[in-house]
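Structure file start.csv with CSV, C-alpha atoms:
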chain,number,residue,atom,x,y,z
A,1,MET,CA,149.4,122.2,-1.7
A,2,LYS,CA,152.9,121.1,-0.6
A,3,LYS,CA,154.5,123.8,-2.7
A,4,THR,CA,152.2,126.4,-1.2
A,5,PHE,CA,152.9,125.2,2.3
A,6,SER,CA,156.6,125.3,1.7
A,7,ILE,CA,156.4,128.9,0.5
A,8,LEU,CA,154.4,129.9,3.5
A,9,MET,CA,156.9,128.2,5.8
A,10,VAL,CA,159.8,130.2,4.2
A,11,ILE,CA,157.8,133.5,4.5
A,12,SER,CA,157.0,132.7,8.1
A,13,THR,CA,160.6,132.0,8.9
A,14,LEU,CA,161.8,135.2,7.3
A,15,LEU,CA,159.2,137.2,9.2
A,16,LEU,CA,160.2,135.6,12.5
A,17,ILE,CA,163.9,136.4,11.8
A,18,ALA,CA,163.0,140.0,11.0
A,19,ALA,CA,161.0,140.3,14.1
A,20,CYS,CA,163.7,138.9,16.3
A,21,THR,CA,166.4,141.0,14.8
A,22,SER,CA,164.3,144.1,15.3
A,23,HIS,CA,164.0,143.5,19.1
A,24,TYR,CA,167.3,141.9,20.0
A,25,HIS,CA,170.9,143.0,19.7
A,26,LEU,CA,174.0,141.0,20.3
A,27,THR,CA,175.9,142.5,23.2
A,28,SER,CA,178.6,140.0,23.9
A,29,ILE,CA,180.0,136.6,23.0
A,30,ASN,CA,181.4,134.2,25.6
A,31,ARG,CA,183.2,130.9,25.1
A,32,SER,CA,184.7,128.2,27.1
A,33,ARG,CA,187.0,125.3,26.3
A,34,ILE,CA,186.0,121.7,27.3
A,35,VAL,CA,189.1,119.4,27.3
A,36,ILE,CA,188.2,115.9,26.3
A,37,ASP,CA,190.9,113.7,27.8
A,38,GLN,CA,191.3,110.5,29.8
A,39,ARG,CA,189.3,111.8,32.7
A,40,PHE,CA,186.2,110.8,30.8
A,41,ASP,CA,187.4,107.2,30.7
A,42,ASN,CA,186.5,106.8,34.3
A,43,ALA,CA,182.8,106.5,33.4
A,44,PRO,CA,182.7,105.1,29.9
A,45,ASP,CA,179.4,104.9,28.0
A,46,THR,CA,179.2,101.2,27.2
A,47,GLU,CA,176.3,101.6,24.8
A,48,ALA,CA,178.2,104.3,22.8
A,49,ALA,CA,181.4,102.2,22.9
A,50,ALA,CA,179.5,99.2,21.5
A,51,TYR,CA,178.0,101.4,18.7
A,52,ILE,CA,181.3,102.8,17.5
A,53,ALA,CA,183.3,99.6,17.9
A,54,PRO,CA,183.0,98.4,14.3
A,55,TYR,CA,183.9,101.8,13.0
A,56,LYS,CA,186.8,102.1,15.4
A,57,ALA,CA,188.2,98.8,14.2
A,58,LYS,CA,188.1,100.1,10.6
A,59,VAL,CA,189.8,103.4,11.4
A,60,ASP,CA,192.4,101.6,13.5
A,61,SER,CA,193.2,99.3,10.6
A,62,VAL,CA,194.0,102.3,8.4
A,63,MET,CA,195.6,104.6,11.0
A,64,GLY,CA,197.4,102.1,13.1
A,65,PRO,CA,200.1,100.6,10.9
A,66,ILE,CA,203.6,101.6,12.2
A,67,LEU,CA,205.8,103.4,9.7
A,68,GLY,CA,208.9,103.9,11.7
A,69,THR,CA,210.5,105.1,14.9
A,70,SER,CA,211.1,108.7,16.1
A,71,ALA,CA,214.1,109.3,18.3
A,72,LYS,CA,212.4,112.1,20.1
A,73,TYR,CA,209.3,114.2,20.5
A,74,MET,CA,209.3,116.8,17.7
A,75,VAL,CA,207.1,119.9,17.5
A,76,ALA,CA,207.2,123.0,15.2
A,77,ASN,CA,208.4,126.2,16.7
A,78,ARG,CA,209.9,129.5,15.4
A,79,PRO,CA,212.5,130.5,14.5
A,80,GLU,CA,213.5,126.9,13.9
A,81,SER,CA,212.7,123.5,15.4
A,82,GLU,CA,213.5,119.8,15.1
A,83,LEU,CA,210.2,119.1,13.3
A,84,SER,CA,210.4,122.0,10.8
A,85,ASN,CA,214.1,121.1,10.1
A,86,LEU,CA,213.1,117.5,9.5
A,87,LEU,CA,210.2,118.1,7.1
A,88,SER,CA,212.3,120.6,5.1
A,89,ASP,CA,215.1,118.1,4.8
A,90,ILE,CA,212.6,115.5,3.7
A,91,LEU,CA,211.7,117.7,0.7
A,92,ILE,CA,215.3,117.7,-0.3
A,93,TRP,CA,215.5,113.9,0.3
A,94,ALA,CA,212.4,113.3,-1.9
A,95,SER,CA,213.8,115.4,-4.7
A,96,LYS,CA,215.9,112.6,-6.2
A,97,GLU,CA,212.6,110.8,-7.2
A,98,TYR,CA,211.9,113.7,-9.5
A,99,ASN,CA,215.4,114.1,-10.9
A,100,GLU,CA,215.7,117.4,-9.1
A,101,LYS,CA,218.6,118.9,-7.2
A,102,PRO,CA,217.2,121.9,-5.2
A,103,VAL,CA,219.6,123.9,-3.1
A,104,LEU,CA,216.9,124.6,-0.4
A,105,GLY,CA,213.7,123.1,0.9
A,106,ILE,CA,211.1,125.3,2.5
A,107,TYR,CA,208.1,124.0,4.6
A,108,ASN,CA,205.8,126.3,6.4
A,109,MET,CA,205.3,126.1,10.2
A,110,GLY,CA,201.5,126.4,9.7
A,111,GLY,CA,201.5,123.2,7.7
A,112,MET,CA,202.7,121.2,10.7
A,113,ARG,CA,199.5,120.7,12.6
A,114,THR,CA,200.8,118.6,15.5
A,115,ALA,CA,203.9,117.0,16.9
A,116,ILE,CA,205.6,113.8,16.0
A,117,PRO,CA,205.7,111.6,19.1
A,118,GLU,CA,208.7,109.8,20.5
A,119,GLY,CA,208.8,106.1,19.7
A,120,LYS,CA,206.7,104.2,17.2
A,121,VAL,CA,205.1,106.5,14.6
A,122,THR,CA,201.9,105.4,12.8
A,123,TYR,CA,200.1,106.3,9.6
A,124,GLY,CA,197.7,108.3,11.7
A,125,ASP,CA,200.4,110.3,13.4
A,126,ILE,CA,201.8,111.5,10.1
A,127,LEU,CA,198.3,112.3,8.9
A,128,GLU,CA,197.8,114.5,11.9
A,129,VAL,CA,201.1,116.3,11.2
A,130,ALA,CA,200.3,116.9,7.5
A,131,PRO,CA,196.5,116.7,7.1
A,132,PHE,CA,196.4,119.1,4.1
A,133,GLU,CA,196.5,118.2,0.4
A,134,ASN,CA,199.8,120.0,-0.1
A,135,LYS,CA,202.1,118.5,-2.8
A,136,ILE,CA,205.8,118.9,-3.4
A,137,ILE,CA,206.7,121.5,-6.1
A,138,PHE,CA,210.0,122.7,-7.6
A,139,LEU,CA,210.7,126.2,-8.9
A,140,THR,CA,213.5,128.5,-9.6
A,141,LEU,CA,214.0,132.0,-8.3
A,142,LYS,CA,216.4,134.7,-9.4
A,143,GLY,CA,218.8,135.7,-6.7
A,144,ASP,CA,217.2,139.0,-5.9
A,145,ASP,CA,213.8,137.4,-5.7
A,146,PHE,CA,215.3,134.7,-3.5
A,147,LEU,CA,216.6,137.4,-1.2
A,148,THR,CA,213.2,138.9,-1.0
A,149,LEU,CA,211.8,135.5,-0.1
A,150,LEU,CA,214.3,135.1,2.7
A,151,ARG,CA,213.4,138.5,4.0
A,152,GLN,CA,209.8,137.4,4.0
A,153,ILE,CA,210.7,134.3,6.0
A,154,ALA,CA,212.5,136.5,8.5
A,155,ALA,CA,209.5,138.8,8.7
A,156,ARG,CA,207.5,135.8,9.9
A,157,GLY,CA,210.0,135.0,12.5
A,158,GLY,CA,211.2,131.9,10.6
A,159,GLU,CA,209.8,129.0,8.6
A,160,GLY,CA,211.0,125.5,8.0
A,161,VAL,CA,214.3,125.5,5.9
A,162,SER,CA,216.6,122.7,5.0
A,163,HIS,CA,220.2,122.0,6.0
A,164,GLY,CA,222.7,124.5,4.7
A,165,LEU,CA,220.9,127.8,5.2
A,166,LYS,CA,222.2,130.1,7.9
A,167,MET,CA,220.0,133.1,8.7
A,168,VAL,CA,220.4,135.7,11.4
A,169,ILE,CA,217.4,137.9,12.0
A,170,SER,CA,216.8,140.7,14.4
A,171,SER,CA,214.4,140.8,17.3
A,172,ASN,CA,211.9,142.7,15.2
A,173,ASN,CA,212.2,140.1,12.4
A,174,GLU,CA,214.5,141.8,9.9
A,175,LEU,CA,217.0,139.8,7.9
A,176,LEU,CA,220.5,140.7,9.1
A,177,SER,CA,222.7,138.1,7.3
A,178,VAL,CA,222.3,134.9,5.3
A,179,THR,CA,224.5,132.3,3.7
A,180,LEU,CA,223.5,129.1,1.8
A,181,HIS,CA,226.0,126.2,2.0
A,182,GLY,CA,228.6,128.7,3.2
A,183,LYS,CA,228.2,131.2,0.5
A,184,PRO,CA,226.3,134.6,0.3
A,185,ILE,CA,223.3,134.8,-1.9
A,186,ASN,CA,224.2,136.0,-5.4
A,187,ALA,CA,221.6,138.4,-6.7
A,188,GLN,CA,222.5,137.5,-10.3
A,189,LYS,CA,222.3,133.7,-9.8
A,190,ASN,CA,219.3,131.4,-10.1
A,191,TYR,CA,218.3,129.1,-7.1
A,192,ARG,CA,216.3,125.9,-7.4
A,193,ILE,CA,213.9,125.4,-4.5
A,194,ALA,CA,211.7,122.5,-3.3
A,195,THR,CA,208.6,123.5,-1.4
A,196,ILE,CA,204.8,122.7,-1.3
A,197,ASP,CA,202.3,124.1,-3.7
A,198,TYR,CA,200.5,126.1,-1.0
A,199,LEU,CA,203.6,128.2,-0.5
A,200,ALA,CA,204.4,128.4,-4.2
A,201,GLN,CA,201.1,130.2,-4.7
A,202,GLY,CA,202.4,133.0,-2.4
A,203,ASN,CA,200.5,132.1,0.7
A,204,ASP,CA,201.6,132.7,4.3
A,205,GLY,CA,203.1,136.0,3.3
A,206,LEU,CA,205.7,134.4,1.0
A,207,THR,CA,204.7,136.3,-2.1
A,208,ALA,CA,208.1,136.2,-3.6
A,209,PHE,CA,207.4,132.6,-4.6
A,210,LYS,CA,205.1,134.0,-7.3
A,211,LYS,CA,208.2,135.1,-9.2
A,212,GLY,CA,209.1,131.4,-9.6
A,213,PHE,CA,209.8,129.9,-13.1
A,214,ASP,CA,210.7,126.5,-14.5
A,215,ILE,CA,208.0,125.1,-12.3
A,216,VAL,CA,207.6,121.3,-11.9
A,217,SER,CA,204.4,120.6,-10.0
A,218,PRO,CA,203.4,116.9,-10.0
A,219,LYS,CA,199.6,116.5,-9.3
A,220,GLU,CA,199.2,112.8,-8.4
A,221,LYS,CA,198.1,112.0,-4.9
A,222,LYS,CA,201.3,110.2,-4.2
A,223,ASN,CA,203.1,113.5,-4.3
A,224,ASN,CA,201.3,114.8,-1.2
A,225,SER,CA,203.8,115.9,1.5
A,226,ARG,CA,202.3,113.4,4.0
A,227,PHE,CA,203.1,110.4,1.7
A,228,LEU,CA,206.7,111.7,1.2
A,229,ILE,CA,207.1,111.9,5.0
A,230,MET,CA,205.6,108.4,5.3
A,231,LYS,CA,208.0,107.1,2.7
A,232,TYR,CA,211.0,108.6,4.5
A,233,PHE,CA,209.9,106.9,7.8
A,234,ARG,CA,209.6,103.6,6.0
A,235,GLU,CA,213.0,103.8,4.4
A,236,LYS,CA,214.6,104.7,7.8
A,237,GLU,CA,212.8,101.8,9.4
A,238,ALA,CA,214.0,99.4,6.7
A,239,LYS,CA,217.5,100.5,7.6
A,240,GLY,CA,217.0,100.0,11.3
A,241,GLU,CA,217.4,103.8,11.9
A,242,LYS,CA,215.4,106.2,14.0
A,243,VAL,CA,214.1,109.4,12.5
A,244,SER,CA,215.2,112.7,14.1
A,245,GLY,CA,215.4,116.4,13.3
A,246,GLU,CA,218.2,118.5,14.8
A,247,ILE,CA,218.5,122.2,15.8
A,248,GLU,CA,221.5,123.5,13.8
A,249,GLY,CA,221.2,127.3,14.0
A,250,ARG,CA,219.6,127.5,10.6
A,251,ILE,CA,217.6,130.5,11.7
A,252,VAL,CA,218.9,132.5,14.7
A,253,ILE,CA,217.5,135.6,16.4
A,254,GLN,CA,220.2,138.0,17.3
A,255,LYS,CA,219.9,138.9,21.0

Go ahead and render the structure in this file as C-alpha cells.
Amino acid sequence: MKKTFSILMVISTLLLIAACTSHYHLTSINRSRIVIDQRFDNAPDTEAAAYIAPYKAKVDSVMGPILGTSAKYMVANRPESELSNLLSDILIWASKEYNEKPVLGIYNMGGMRTAIPEGKVTYGDILEVAPFENKIIFLTLKGDDFLTLLRQIAARGGEGVSHGLKMVISSNNELLSVTLHGKPINAQKNYRIATIDYLAQGNDGLTAFKKGFDIVSPKEKKNNSRFLIMKYFREKEAKGEKVSGEIEGRIVIQK
C-alpha cells in the first residue's frame, strides 16, 4: 500500500509540474542583497543566541587561536598586490621542506578568497583566505612553455608571482617584457616552479602548466596551502616578526 501511494504521489507531482509549466513562463529574475552586519546587533535574538552558544564556543576554540601578526591589511588585486606577493613568496619559503629549489612561485588571485586583517591573525582568518583543498606542487617547464605560461598570466591581467619576476604588460593584457632574477627567459632552459595543484591542472586559463614534467605532488593534508601559510605565520611570530607583503613592481601595466 505504501509503495502504491508513493508511486501515485510521484505521478501526481509530475502531472502538477507539467500543468504548471504549460501555463506559466519565466519572464524575469530579480534579486537583492541583504547585508548582514552589526546593525542587527541592536536587537539580538536572545533565544537564538542561547541555542547557538555551545556551538559557537566549539567553533571559536578551533578558529580563534592566534597564529601571528600582520603588519597591514592585505587584499588580492591585479596586476599585483601585497597579499598575492606574500602567498607566492610563501610557496618558495615552504619549498625547503620538500628539498626543492624552484625559481618561481605562482598563486592564483582566485584562490585568495578574502583579505588578511591588520593585527592579530587567527586560524579562522587564514581558513577564510585559503578555504580550498589546494596543495603545493612542484613541476618543471621548458623555457618556451614557461614563456607561454607568462603570456597567459599577462592575459589574465596578472596572478600572484614570487619575488624576482619582473613583467611588463600592455593595457590590453599582452606580455611586453619579462625577466626572472634579472635575466631574460631562455627558451632552451628548464624552469622549476612551485604552485598549487589546481593551477598545475591547467585551470584559470593557465593551460601551459599541463606541459609540466618531473612533477612532485604531495597528497597529505598537511601540504594544503592554508597549512603552509599558517606555518609561515607561526614561524614569524616565534621570531617576534610581523608578516607583510610588499608591492615591488613584479607585474606592471604600461601606461

- Interatomic distance, atom CA of A:Asn223 to atom CA of A:Glu237 (Å, one decimal):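 Separation of atom CA of A:Asn223 and atom CA of A:Glu237: 20.5 Å.
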
- Message: Could you check the closest approach to A:Lys236 for each of A:Ile29, A:Val121, A:Met112, A:Val103 and tell me which residue wins, using all atoms listed in the file?
- Response: A:Val121

- Message: Taking (224.7, 135.5, 5.0) in the coordinates of the supplied file, I want to know which residues reach to within 7 Å of it, counting all atoms listed in the file; could you give the answer as a list of chain:residue names?
- Response: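 Nearby residues: A:Lys166, A:Met167, A:Ser177, A:Val178, A:Thr179, A:Pro184.
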
- Expressed in Å, the length from atom CA of A:Ile215 to atom CA of A:Gly110 is 23.0 Å

- Task: Write out as number ranges by chain the residues lying within 6 Å of A:Tyr73, counting all atoms listed in the file and excluding same-chain residues fewer than 6 positions away.
- Result: A: 116-118

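Summary of the local environment: counting all atoms listed in the file, residues at most 10 Å from A:Thr114, other than itself and those fewer than 5 positions away along its chain, are Met74, Val75, Ala76, Leu83, Asp125, Ile126, Leu127, Glu128, Val129, Ala130 and Pro131 of chain A.
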
- Kindly indicate which residue among A:Leu176, A:Ala50, A:Ala194, A:Ala208 lies nearest to A:Lys142, using all atoms listed in the file for the distances.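 The shortest atom-to-atom distance to A:Lys142 comes from A:Ala208.
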
- Provide the atom CA of A:Asn85 to atom CA of A:Lys210 distance in Å, to one decimal place.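 These two atoms are separated by 23.5 Å.
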
- Item | A:Ala71 surroundings by only C-alpha atoms, 8 Å radius, close-in-sequence under 6 positions cut, as a PyMOL selection string | chain A and resi 118-119+242-244

- Item | Residues near A:Arg192, cut-off 9 Å, all atoms listed in the file, skip fewer than 5 positions along chain, as a VMD selection string | chain A and resid 100 to 104 138 to 141

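Taking all atoms listed in the file into account, A:Ile247 lies nearest to A:Ser162 out of the set A:Ser162, A:Asn42, A:Asn172, A:Ser95.
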